[in-house]
>>> print(open('upload_37.cif').read())   # mmCIF, C-alpha atoms
data_coords
loop_
_atom_site.label_atom_id
_atom_site.label_comp_id
_atom_site.auth_asym_id
_atom_site.auth_seq_id
_atom_site.Cartn_x
_atom_site.Cartn_y
_atom_site.Cartn_z
CA MET A 8 -87.26 -30.98 121.95
CA VAL A 9 -85.43 -30.13 118.72
CA ARG A 10 -84.32 -26.55 118.21
CA ARG A 11 -82.80 -25.00 115.11
CA ILE A 12 -80.23 -22.21 115.36
CA ASP A 13 -79.13 -20.34 112.24
CA VAL A 14 -75.41 -19.78 111.78
CA THR A 15 -73.69 -17.68 109.12
CA GLY A 16 -70.84 -19.59 107.57
CA ALA A 17 -67.99 -18.56 105.30
CA GLY A 18 -69.07 -16.25 102.49
CA GLY A 19 -72.46 -15.69 104.09
CA VAL A 20 -73.69 -19.26 103.58
CA ARG A 21 -76.64 -19.97 105.88
CA LEU A 22 -76.06 -23.02 108.05
CA ALA A 23 -78.57 -24.86 110.24
CA ALA A 24 -77.37 -25.97 113.68
CA TRP A 25 -79.49 -28.19 115.91
CA GLU A 26 -79.95 -28.95 119.59
CA PHE A 27 -81.78 -32.19 120.37
CA ALA A 28 -82.52 -31.48 124.01
CA ASP A 29 -84.05 -28.65 126.00
CA PRO A 30 -81.83 -25.58 125.58
CA PRO A 31 -79.80 -24.71 128.67
CA LYS A 32 -80.69 -21.71 130.77
CA ASP A 33 -78.34 -18.75 130.56
CA ASP A 34 -76.40 -19.72 133.71
CA GLN A 35 -76.11 -23.33 132.53
CA ARG A 36 -75.02 -22.21 129.06
CA ARG A 37 -72.00 -20.49 130.58
CA SER A 38 -70.98 -23.48 132.71
CA GLU A 39 -71.68 -26.48 130.48
CA PRO A 40 -68.76 -27.50 128.24
CA GLY A 41 -69.60 -27.25 124.56
CA VAL A 42 -69.63 -30.04 121.99
CA LEU A 43 -69.94 -29.53 118.24
CA LEU A 44 -70.96 -32.60 116.22
CA LEU A 45 -69.95 -32.78 112.54
CA HIS A 46 -71.50 -35.38 110.24
CA GLY A 47 -69.81 -37.07 107.31
CA LEU A 48 -70.26 -36.65 103.57
CA MET A 49 -73.96 -36.95 102.64
CA GLY A 50 -74.90 -36.94 106.32
CA ARG A 51 -76.97 -34.49 108.32
CA ALA A 52 -77.19 -33.23 111.87
CA SER A 53 -80.08 -35.55 112.72
CA HIS A 54 -77.73 -38.53 112.42
CA TRP A 55 -76.26 -37.29 115.71
CA ALA A 56 -79.61 -37.02 117.53
CA GLY A 57 -79.03 -40.05 119.76
CA SER A 58 -75.51 -38.97 120.71
CA ALA A 59 -76.59 -35.37 121.27
CA ARG A 60 -79.29 -36.43 123.73
CA TRP A 61 -76.95 -38.33 126.04
CA LEU A 62 -74.26 -35.70 125.64
CA ALA A 63 -76.79 -33.08 126.78
CA GLU A 64 -76.74 -34.63 130.25
CA ARG A 65 -73.38 -32.94 130.88
CA HIS A 66 -72.64 -30.79 127.83
CA ARG A 67 -74.21 -28.26 125.55
CA ALA A 68 -74.23 -30.39 122.40
CA VAL A 69 -74.97 -28.87 119.00
CA ALA A 70 -74.96 -30.68 115.65
CA LEU A 71 -74.30 -28.78 112.43
CA ASP A 72 -75.76 -29.34 108.97
CA GLN A 73 -72.67 -28.55 106.93
CA ARG A 74 -72.85 -26.62 103.67
CA GLY A 75 -74.47 -28.62 100.91
CA HIS A 76 -76.14 -30.90 103.46
CA GLY A 77 -79.36 -31.16 105.43
CA GLN A 78 -81.20 -27.84 105.75
CA SER A 79 -78.11 -25.69 105.21
CA ASP A 80 -77.54 -23.73 102.02
CA LYS A 81 -76.38 -25.57 98.91
CA PRO A 82 -74.85 -22.77 96.84
CA ALA A 83 -74.76 -23.69 93.16
CA GLY A 84 -71.29 -22.24 92.76
CA GLY A 85 -69.90 -23.55 96.02
CA PRO A 86 -67.29 -23.27 97.29
CA PHE A 87 -67.02 -26.77 98.73
CA THR A 88 -63.34 -26.54 99.60
CA ARG A 89 -61.66 -27.83 102.74
CA GLU A 90 -61.10 -24.25 103.82
CA ALA A 91 -64.81 -23.45 103.50
CA TYR A 92 -65.85 -26.39 105.67
CA VAL A 93 -63.27 -25.56 108.32
CA ASP A 94 -64.24 -21.88 108.26
CA ASP A 95 -67.89 -22.87 108.72
CA ALA A 96 -67.09 -24.99 111.78
CA GLU A 97 -65.02 -22.17 113.24
CA ALA A 98 -67.90 -19.74 112.69
CA ALA A 99 -70.32 -22.16 114.36
CA LEU A 100 -68.14 -22.48 117.46
CA GLU A 101 -67.88 -18.74 117.81
CA GLN A 102 -71.47 -17.78 117.00
CA LEU A 103 -72.92 -20.53 119.22
CA ASP A 104 -70.55 -19.55 122.04
CA LEU A 105 -69.38 -23.17 122.43
CA ALA A 106 -65.62 -22.69 122.60
CA PRO A 107 -63.45 -24.10 123.91
CA ALA A 108 -65.39 -27.15 122.78
CA VAL A 109 -64.97 -30.83 122.11
CA LEU A 110 -65.30 -31.55 118.40
CA ILE A 111 -66.82 -34.91 117.47
CA GLY A 112 -66.63 -35.72 113.78
CA HIS A 113 -67.57 -38.68 111.63
CA SER A 114 -65.70 -39.34 108.38
CA MET A 115 -65.46 -36.02 106.49
CA GLY A 116 -66.64 -34.24 109.63
CA ALA A 117 -63.72 -35.75 111.54
CA LEU A 118 -61.26 -34.36 108.99
CA THR A 119 -62.86 -30.92 109.34
CA ALA A 120 -62.61 -31.25 113.12
CA TRP A 121 -58.91 -32.08 113.23
CA GLN A 122 -58.04 -29.44 110.65
CA LEU A 123 -59.82 -26.85 112.79
CA ALA A 124 -58.18 -28.15 115.97
CA ALA A 125 -54.78 -27.80 114.30
CA ARG A 126 -55.54 -24.26 113.12
CA ARG A 127 -57.35 -22.90 116.17
CA PRO A 128 -56.24 -24.80 119.29
CA ASP A 129 -57.76 -22.04 121.43
CA LEU A 130 -61.24 -23.11 120.29
CA VAL A 131 -60.88 -26.86 120.85
CA SER A 132 -60.54 -28.67 124.19
CA GLY A 133 -60.87 -32.22 122.88
CA LEU A 134 -61.42 -34.17 119.68
CA VAL A 135 -63.11 -37.41 118.68
CA ILE A 136 -62.24 -38.78 115.23
CA CYS A 137 -64.72 -41.40 114.03
CA ASP A 138 -63.68 -43.68 111.16
CA MET A 139 -61.73 -41.22 109.00
CA ARG A 140 -58.43 -42.01 107.33
CA ALA A 141 -55.44 -39.69 107.29
CA SER A 142 -53.99 -41.32 104.16
CA ALA A 143 -54.75 -40.23 100.62
CA LEU A 144 -57.46 -42.36 99.00
CA GLY A 145 -56.55 -41.55 95.41
CA ALA A 146 -58.14 -41.22 92.00
CA ALA A 147 -59.49 -44.78 91.89
CA SER A 148 -61.54 -44.12 94.99
CA GLN A 149 -63.05 -40.98 93.46
CA ARG A 150 -63.97 -42.89 90.28
CA GLU A 151 -65.66 -45.59 92.37
CA TRP A 152 -67.76 -42.97 94.11
CA SER A 153 -68.77 -41.41 90.80
CA ASP A 154 -69.82 -44.82 89.48
CA TRP A 155 -71.70 -45.54 92.70
CA PHE A 156 -73.69 -42.32 92.51
CA ARG A 157 -74.71 -43.14 88.94
CA ALA A 158 -75.93 -46.57 90.10
CA TRP A 159 -78.54 -45.13 92.47
CA PRO A 160 -82.01 -46.04 91.15
CA VAL A 161 -83.46 -42.58 91.78
CA PRO A 162 -86.14 -41.53 92.22
CA PHE A 163 -87.23 -44.14 94.74
CA ALA A 164 -90.98 -44.79 94.88
CA THR A 165 -91.13 -45.03 98.66
CA LEU A 166 -88.90 -44.68 101.73
CA ALA A 167 -89.19 -48.45 102.13
CA ASP A 168 -87.50 -48.77 98.73
CA VAL A 169 -84.74 -46.45 99.95
CA ARG A 170 -84.16 -48.57 103.05
CA LYS A 171 -84.13 -51.79 101.06
CA TRP A 172 -81.74 -50.58 98.36
CA PHE A 173 -79.18 -49.04 100.70
CA GLY A 174 -79.59 -51.74 103.32
CA GLU A 175 -79.65 -54.80 101.02
CA ASP A 176 -79.46 -54.26 97.25
CA ASP A 177 -76.67 -51.66 96.96
CA PRO A 178 -73.62 -53.43 95.45
CA TRP A 179 -71.50 -51.76 98.16
CA VAL A 180 -73.37 -53.71 100.85
CA GLU A 181 -71.53 -56.91 101.75
CA ARG A 182 -74.36 -58.21 103.94
CA PRO A 183 -77.81 -56.83 104.90
CA ASN A 184 -77.48 -53.74 107.08
CA PRO A 185 -80.84 -52.23 108.13
CA ALA A 186 -79.12 -49.36 109.96
CA ARG A 187 -77.47 -48.28 106.70
CA GLY A 188 -80.84 -48.26 104.98
CA THR A 189 -82.30 -46.10 107.73
CA PHE A 190 -79.26 -43.79 107.62
CA TYR A 191 -79.83 -43.03 103.94
CA ALA A 192 -83.60 -42.74 104.36
CA GLU A 193 -82.88 -39.76 106.63
CA VAL A 194 -81.19 -37.88 103.79
CA MET A 195 -84.01 -38.30 101.29
CA THR A 196 -86.73 -35.81 100.41
CA GLU A 197 -89.98 -36.30 98.50
CA SER A 198 -90.86 -34.66 95.20
CA GLU A 199 -93.54 -35.25 92.59
CA GLU A 200 -91.32 -37.89 90.97
CA GLY A 201 -90.59 -39.77 94.20
CA TRP A 202 -87.81 -39.79 96.80
CA GLY A 203 -84.30 -38.49 96.14
CA PRO A 204 -81.34 -37.12 98.10
CA VAL A 205 -81.62 -33.78 99.84
CA PHE A 206 -78.10 -33.03 98.57
CA ASP A 207 -76.73 -32.70 95.05
CA ARG A 208 -74.55 -35.66 94.19
CA GLU A 209 -72.25 -33.58 91.96
CA GLN A 210 -71.67 -31.21 94.87
CA MET A 211 -70.79 -34.20 97.02
CA LEU A 212 -68.21 -35.33 94.47
CA HIS A 213 -66.75 -31.81 94.32
CA THR A 214 -66.58 -31.79 98.12
CA ARG A 215 -64.86 -35.15 98.25
CA GLU A 216 -62.27 -34.34 95.61
CA THR A 217 -60.91 -31.57 97.85
CA TRP A 218 -59.51 -34.16 100.28
CA VAL A 219 -59.39 -37.52 98.54
CA TYR A 220 -56.09 -36.94 96.70
CA ASP A 221 -54.16 -35.66 99.72
CA ALA A 222 -52.81 -37.14 102.92
CA HIS A 223 -53.58 -35.29 106.16
CA TRP A 224 -50.92 -36.52 108.57
CA GLU A 225 -49.20 -33.16 108.96
CA GLU A 226 -52.32 -31.44 110.28
CA LEU A 227 -53.05 -34.43 112.52
CA ALA A 228 -49.64 -34.06 114.15
CA GLN A 229 -50.44 -30.41 114.92
CA VAL A 230 -53.49 -31.27 117.07
CA GLN A 231 -52.50 -30.53 120.66
CA CYS A 232 -55.69 -31.43 122.55
CA PRO A 233 -56.65 -34.90 123.85
CA THR A 234 -57.89 -36.92 120.87
CA LEU A 235 -59.75 -40.23 120.61
CA VAL A 236 -59.53 -42.17 117.36
CA VAL A 237 -62.52 -44.52 117.03
CA ARG A 238 -62.98 -47.13 114.36
CA GLY A 239 -65.65 -49.67 113.61
CA LEU A 240 -64.23 -53.14 113.50
CA ASP A 241 -65.59 -53.47 109.94
CA GLY A 242 -65.26 -49.79 109.04
CA GLU A 243 -63.15 -47.99 106.45
CA LEU A 244 -60.35 -47.04 108.83
CA GLY A 245 -58.06 -50.04 109.31
CA ARG A 246 -56.58 -50.90 112.69
CA ALA A 247 -52.97 -50.34 111.63
CA GLU A 248 -53.68 -46.89 110.21
CA ALA A 249 -55.81 -45.94 113.22
CA GLN A 250 -53.03 -46.90 115.59
CA GLU A 251 -50.51 -44.95 113.51
CA MET A 252 -52.82 -41.93 113.75
CA VAL A 253 -52.80 -42.32 117.53
CA ARG A 254 -49.00 -42.50 117.49
CA VAL A 255 -48.76 -39.32 115.40
CA LEU A 256 -51.18 -37.41 117.62
CA PRO A 257 -49.38 -35.76 120.56
CA ARG A 258 -52.20 -36.81 122.94
CA GLY A 259 -53.94 -39.60 121.05
CA LYS A 260 -55.96 -42.54 122.32
CA TYR A 261 -57.46 -45.48 120.45
CA ALA A 262 -60.79 -47.30 120.62
CA GLU A 263 -62.72 -49.67 118.41
CA VAL A 264 -66.36 -50.70 118.44
CA PRO A 265 -67.18 -54.37 117.72
CA ASP A 266 -69.89 -55.23 115.19
CA ALA A 267 -69.73 -51.71 113.74
CA GLY A 268 -69.06 -50.64 110.19
CA HIS A 269 -68.34 -47.15 108.91
CA LEU A 270 -71.47 -45.69 110.52
CA VAL A 271 -70.15 -46.43 114.00
CA HIS A 272 -72.22 -43.97 116.03
CA TYR A 273 -75.37 -44.77 114.08
CA ASP A 274 -75.46 -48.55 113.83
CA GLN A 275 -73.87 -49.33 117.23
CA PRO A 276 -74.93 -46.42 119.48
CA GLU A 277 -74.37 -48.27 122.75
CA GLY A 278 -70.87 -49.39 121.80
CA TRP A 279 -70.12 -45.88 120.56
CA ARG A 280 -71.21 -44.32 123.84
CA ALA A 281 -69.22 -46.87 125.82
CA VAL A 282 -65.93 -45.70 124.27
CA VAL A 283 -66.65 -41.98 123.88
CA GLU A 284 -68.19 -41.16 127.26
CA PRO A 285 -65.14 -42.14 129.39
CA PHE A 286 -62.90 -40.13 127.07
CA LEU A 287 -65.10 -37.05 127.48
CA ASP A 288 -65.09 -37.53 131.25
CA GLY A 289 -61.31 -37.42 131.11
CA VAL A 290 -61.37 -34.22 129.08
CA LEU A 291 -63.69 -32.63 131.63
CA THR A 292 -61.51 -33.59 134.58
CA GLY A 293 -58.27 -32.72 132.82
#
>>> encode(input="upload_37.cif", output="structure tokens")
Amino acid sequence: MVRRIDVTGAGGVRLAAWEFADPPKDDQRRSEPGVLLLHGLMGRASHWAGSARWLAERHRAVALDQRGHGQSDKPAGGPFTREAYVDDAEAALEQLDLAPAVLIGHSMGALTAWQLAARRPDLVSGLVICDMRASALGAASQREWSDWFRAWPVPFATLADVRKWFGEDDPWVERPNPARGTFYAEVMTESEEGWGPVFDREQMLHTRETWVYDAHWEELAQVQCPTLVVRGLDGELGRAEAQEMVRVLPRGKYAEVPDAGHLVHYDQPEGWRAVVEPFLDGVLTG
């Protein structure tokens, strides 16, 4: 069962939250520890469906379509600031009655998660950071993303074309990666012209520029809850930086998933579960 729950984010933005398992009964809802899942840039809540289903065995797991993404509002004038994303996640925790919750974030979602954990430790019992760097990425990185967006051959004629381009033909792909093609197929929508992204690429660039020029070590050091830093062996977060993040975190732990790239939880779900589940068990038992 998939159930949508509407959440009101910062400034009245309508956000779509999703449960991918049967909703808990009222007595279970009070006793099950909450988990909020936050996707990365260009992602959507459905990318967490597999994780949410096994999490639902012991938790109330909810995935959020963040502003500008999925079925949440995409306000033409924004804002798409860091503060807006963090405020939205805070509103979701409170309106869904999840707190104190474990936050699990991928890429941009991980940054949102640790910024919220630093700001509102009363709402967060644990944190999983998946393949997100704390260092500044810089102007060159933002230019590369702008060039990459312009290279997309949109509209795509079919979803098969989407899967092939992002899984094989995209110049950013070092070797064929079917999971990557499927990942991007999930964020496409059909129009009369063909298939294109459900998000606005300019909005994604505006969102990214609010964190790409800054380092985020100071907020990381303020996170007081148990935190697991997970990287894919071939992901964007290097081992040395990940281990430094663990050192900076007051209660940090480290894990890596073999044969995984940036989309750790999506392309290696079994390896992802193998490192995350024991950590969550430890959070539950204290």
>>> residues_around(input="upload_37.cif", residues="region 271-280 of chain A", least_positions_apart="4", cutoff="9 Å", atoms="only C-alpha atoms", output="list in words")
His54, Trp55, Gly57, Ser58, Trp61, His113, Cys137, Asp138, Asn184, Pro185, Ala186, Arg187, Phe190, Val237, Arg238, Gly239, Leu240, Gly242, Glu263, Val264, Pro265, Asp266, Ala267, Glu284 and Pro285 of chain A
>>> write_last_selection(input="upload_37.cif", atoms="C-alpha atoms", output="compact mmCIF listing (two decimals), in the coordinates of the input")
# COMPACT_ATOMS: atom_id res chain seq x y z
CA HIS A 54 -77.73 -38.53 112.42
CA TRP A 55 -76.26 -37.29 115.71
CA GLY A 57 -79.03 -40.05 119.76
CA SER A 58 -75.51 -38.97 120.71
CA TRP A 61 -76.95 -38.33 126.04
CA HIS A 113 -67.57 -38.68 111.63
CA CYS A 137 -64.72 -41.40 114.03
CA ASP A 138 -63.68 -43.68 111.16
CA ASN A 184 -77.48 -53.74 107.08
CA PRO A 185 -80.84 -52.23 108.13
CA ALA A 186 -79.12 -49.36 109.96
CA ARG A 187 -77.47 -48.28 106.70
CA PHE A 190 -79.26 -43.79 107.62
CA VAL A 237 -62.52 -44.52 117.03
CA ARG A 238 -62.98 -47.13 114.36
CA GLY A 239 -65.65 -49.67 113.61
CA LEU A 240 -64.23 -53.14 113.50
CA GLY A 242 -65.26 -49.79 109.04
CA GLU A 263 -62.72 -49.67 118.41
CA VAL A 264 -66.36 -50.70 118.44
CA PRO A 265 -67.18 -54.37 117.72
CA ASP A 266 -69.89 -55.23 115.19
CA ALA A 267 -69.73 -51.71 113.74
CA GLU A 284 -68.19 -41.16 127.26
CA PRO A 285 -65.14 -42.14 129.39
>>> closest_residue(input="upload_37.cif", among="A:Trp202, A:Tyr191, A:Trp25, A:Tyr261", to="Asp13 (chain A)", atoms="all atoms listed in the file")
A:Trp25
>>> closest_residue(input="upload_37.cif", among="A:Ser198, A:Ser153, A:Gln122, A:Ser53", to="Gln73 (chain A)", atoms="all atoms listed in the file")
A:Ser53
>>> resolve_selection(input="upload_37.cif", expression="the PyMOL selection byres ((chain A and resi 156) around 12)", output="ChimeraX atom specification")
/A:49,149-155,157-161,173,177-179,203-204,206-212
>>> atom_distance(input="upload_37.cif", atom1="CA of Gly268 (chain A)", atom2="CA of Ala143 (chain A)")
20.1 Å
>>> resolve_selection(input="upload_37.cif", expression="the PyMOL selection byres ((chain A and resi 226) around 12)", output="PDB file with C-alpha atoms, in the frame of the given file")
ATOM      1  CA  LEU A 118     -61.260 -34.360 108.990  1.00  0.00           C
ATOM      2  CA  THR A 119     -62.860 -30.920 109.340  1.00  0.00           C
ATOM      3  CA  ALA A 120     -62.610 -31.250 113.120  1.00  0.00           C
ATOM      4  CA  TRP A 121     -58.910 -32.080 113.230  1.00  0.00           C
ATOM      5  CA  GLN A 122     -58.040 -29.440 110.650  1.00  0.00           C
ATOM      6  CA  LEU A 123     -59.820 -26.850 112.790  1.00  0.00           C
ATOM      7  CA  ALA A 124     -58.180 -28.150 115.970  1.00  0.00           C
ATOM      8  CA  ALA A 125     -54.780 -27.800 114.300  1.00  0.00           C
ATOM      9  CA  ARG A 126     -55.540 -24.260 113.120  1.00  0.00           C
ATOM     10  CA  ARG A 127     -57.350 -22.900 116.170  1.00  0.00           C
ATOM     11  CA  PRO A 128     -56.240 -24.800 119.290  1.00  0.00           C
ATOM     12  CA  ALA A 141     -55.440 -39.690 107.290  1.00  0.00           C
ATOM     13  CA  SER A 142     -53.990 -41.320 104.160  1.00  0.00           C
ATOM     14  CA  ASP A 221     -54.160 -35.660  99.720  1.00  0.00           C
ATOM     15  CA  ALA A 222     -52.810 -37.140 102.920  1.00  0.00           C
ATOM     16  CA  HIS A 223     -53.580 -35.290 106.160  1.00  0.00           C
ATOM     17  CA  TRP A 224     -50.920 -36.520 108.570  1.00  0.00           C
ATOM     18  CA  GLU A 225     -49.200 -33.160 108.960  1.00  0.00           C
ATOM     19  CA  LEU A 227     -53.050 -34.430 112.520  1.00  0.00           C
ATOM     20  CA  ALA A 228     -49.640 -34.060 114.150  1.00  0.00           C
ATOM     21  CA  GLN A 229     -50.440 -30.410 114.920  1.00  0.00           C
ATOM     22  CA  VAL A 230     -53.490 -31.270 117.070  1.00  0.00           C
ATOM     23  CA  GLN A 231     -52.500 -30.530 120.660  1.00  0.00           C
ATOM     24  CA  MET A 252     -52.820 -41.930 113.750  1.00  0.00           C
ATOM     25  CA  VAL A 255     -48.760 -39.320 115.400  1.00  0.00           C
ATOM     26  CA  LEU A 256     -51.180 -37.410 117.620  1.00  0.00           C
ATOM     27  CA  PRO A 257     -49.380 -35.760 120.560  1.00  0.00           C
TER      28      PRO A 257
END
>>> resolve_selection(input="upload_37.cif", expression="the PyMOL selection byres ((chain A and resi 76) around 12)", output="MDAnalysis selection string")
chainID A and resid 20:24 45:54 71:75 77:82 87 92 116 193:195 204:208 210:211 214
>>> atom_distance(input="upload_37.cif", atom1="CA of Thr234 (chain A)", atom2="CA of Phe27 (chain A)")
24.4 Å
>>> residues_around(input="upload_37.cif", residues="His66 (chain A)", least_positions_apart="2", cutoff="12 Å", atoms="all atoms listed in the file", output="PyMOL selection string")
chain A and resi 26-31+35-44+58-64+68-69+105-106+108-110+284+287-288+290-291
>>> atom_distance(input="upload_37.cif", atom1="CA of Arg254 (chain A)", atom2="CA of Leu235 (chain A)")
11.4 Å
>>> closest_residue(input="upload_37.cif", among="A:Ala117, A:Leu244, A:Leu100, A:Cys232", to="Arg67 (chain A)", atoms="all atoms listed in the file")
A:Leu100
>>> residues_near_point(input="upload_37.cif", point="(-54.6, -40.6, 92.0)", cutoff="8 Å", atoms="all atoms listed in the file", output="count of residues only")
5
>>> closest_residue(input="upload_37.cif", among="A:Pro183, A:Gly84, A:Pro233, A:Gly245", to="Arg140 (chain A)", atoms="all atoms listed in the file")
A:Gly245
>>> axis_aligned_box(input="upload_37.cif", around="region 167-173 of chain A", padding_each_side="4 Å", output="JSON")
{"center_x": -84.2, "center_y": -49.1, "center_z": 100.7, "size_x": 18.0, "size_y": 13.3, "size_z": 12.7}
>>> closest_residue(input="upload_37.cif", among="A:Thr15, A:Ala262, A:Met8, A:Val236", to="Val282 (chain A)", atoms="only C-alpha atoms")
A:Ala262
>>> closest_residue(input="upload_37.cif", among="A:Gly188, A:Gly293, A:Ala281, A:Glu181", to="Asp241 (chain A)", atoms="all atoms listed in the file")
A:Glu181
>>> decode(input="upload_37.cif", residues="region 132-151 of chain A", atoms="N, CA, C and O atoms", output="tab-separated table (two decimals), in the first residue's frame")
chain	number	residue	atom	x	y	z
A	132	SER	N	16.62	11.69	16.84
A	132	SER	CA	17.23	10.67	17.70
A	132	SER	C	18.41	9.98	17.05
A	132	SER	O	19.24	9.36	17.72
A	133	GLY	N	18.51	10.06	15.73
A	133	GLY	CA	19.60	9.44	15.00
A	133	GLY	C	19.65	9.99	13.60
A	133	GLY	O	18.68	10.61	13.12
A	134	LEU	N	20.77	9.76	12.92
A	134	LEU	CA	20.99	10.38	11.61
A	134	LEU	C	21.81	9.44	10.74
A	134	LEU	O	22.80	8.87	11.19
A	135	VAL	N	21.37	9.28	9.49
A	135	VAL	CA	22.14	8.54	8.49
A	135	VAL	C	22.43	9.48	7.33
A	135	VAL	O	21.51	10.01	6.70
A	136	ILE	N	23.71	9.69	7.07
A	136	ILE	CA	24.17	10.57	5.99
A	136	ILE	C	24.66	9.67	4.85
A	136	ILE	O	25.62	8.93	5.01
A	137	CYS	N	23.99	9.75	3.71
A	137	CYS	CA	24.35	8.91	2.57
A	137	CYS	C	24.99	9.73	1.46
A	137	CYS	O	24.33	10.54	0.80
A	138	ASP	N	26.29	9.55	1.27
A	138	ASP	CA	27.05	10.08	0.14
A	138	ASP	C	26.86	11.59	-0.08
A	138	ASP	O	26.52	12.04	-1.18
A	139	MET	N	27.08	12.36	0.98
A	139	MET	CA	27.05	13.82	0.88
A	139	MET	C	28.31	14.40	1.49
A	139	MET	O	28.68	14.05	2.61
A	140	ARG	N	28.95	15.30	0.77
A	140	ARG	CA	30.19	15.91	1.23
A	140	ARG	C	29.92	17.09	2.14
A	140	ARG	O	28.94	17.82	1.98
A	141	ALA	N	30.82	17.31	3.09
A	141	ALA	CA	30.75	18.49	3.95
A	141	ALA	C	31.59	19.64	3.39
A	141	ALA	O	31.42	20.78	3.79
A	142	SER	N	32.48	19.35	2.45
A	142	SER	CA	33.34	20.38	1.87
A	142	SER	C	32.59	21.18	0.81
A	142	SER	O	31.62	20.71	0.20
A	143	ALA	N	33.07	22.40	0.59
A	143	ALA	CA	32.53	23.21	-0.50
A	143	ALA	C	32.93	22.60	-1.85
A	143	ALA	O	34.06	22.14	-2.02
A	144	LEU	N	31.99	22.60	-2.80
A	144	LEU	CA	32.27	22.03	-4.12
A	144	LEU	C	32.74	23.08	-5.11
A	144	LEU	O	33.46	22.77	-6.05
A	145	GLY	N	32.29	24.33	-4.94
A	145	GLY	CA	32.86	25.43	-5.71
A	145	GLY	C	32.15	25.75	-7.01
A	145	GLY	O	31.25	25.05	-7.48
A	146	ALA	N	32.60	26.85	-7.61
A	146	ALA	CA	31.97	27.39	-8.81
A	146	ALA	C	32.11	26.45	-10.01
A	146	ALA	O	31.20	26.35	-10.83
A	147	ALA	N	33.25	25.77	-10.13
A	147	ALA	CA	33.45	24.88	-11.27
A	147	ALA	C	32.42	23.76	-11.27
A	147	ALA	O	31.90	23.38	-12.32
A	148	SER	N	32.11	23.26	-10.09
A	148	SER	CA	31.11	22.21	-9.99
A	148	SER	C	29.74	22.70	-10.45
A	148	SER	O	29.02	22.00	-11.17
A	149	GLN	N	29.38	23.92	-10.06
A	149	GLN	CA	28.09	24.47	-10.48
A	149	GLN	C	28.03	24.66	-11.99
A	149	GLN	O	27.00	24.41	-12.63
A	150	ARG	N	29.13	25.10	-12.59
A	150	ARG	CA	29.17	25.27	-14.06
A	150	ARG	C	29.01	23.92	-14.75
A	150	ARG	O	28.33	23.81	-15.78
A	151	GLU	N	29.65	22.89	-14.20
A	151	GLU	CA	29.53	21.55	-14.79
A	151	GLU	C	28.08	21.08	-14.78
A	151	GLU	O	27.60	20.48	-15.74
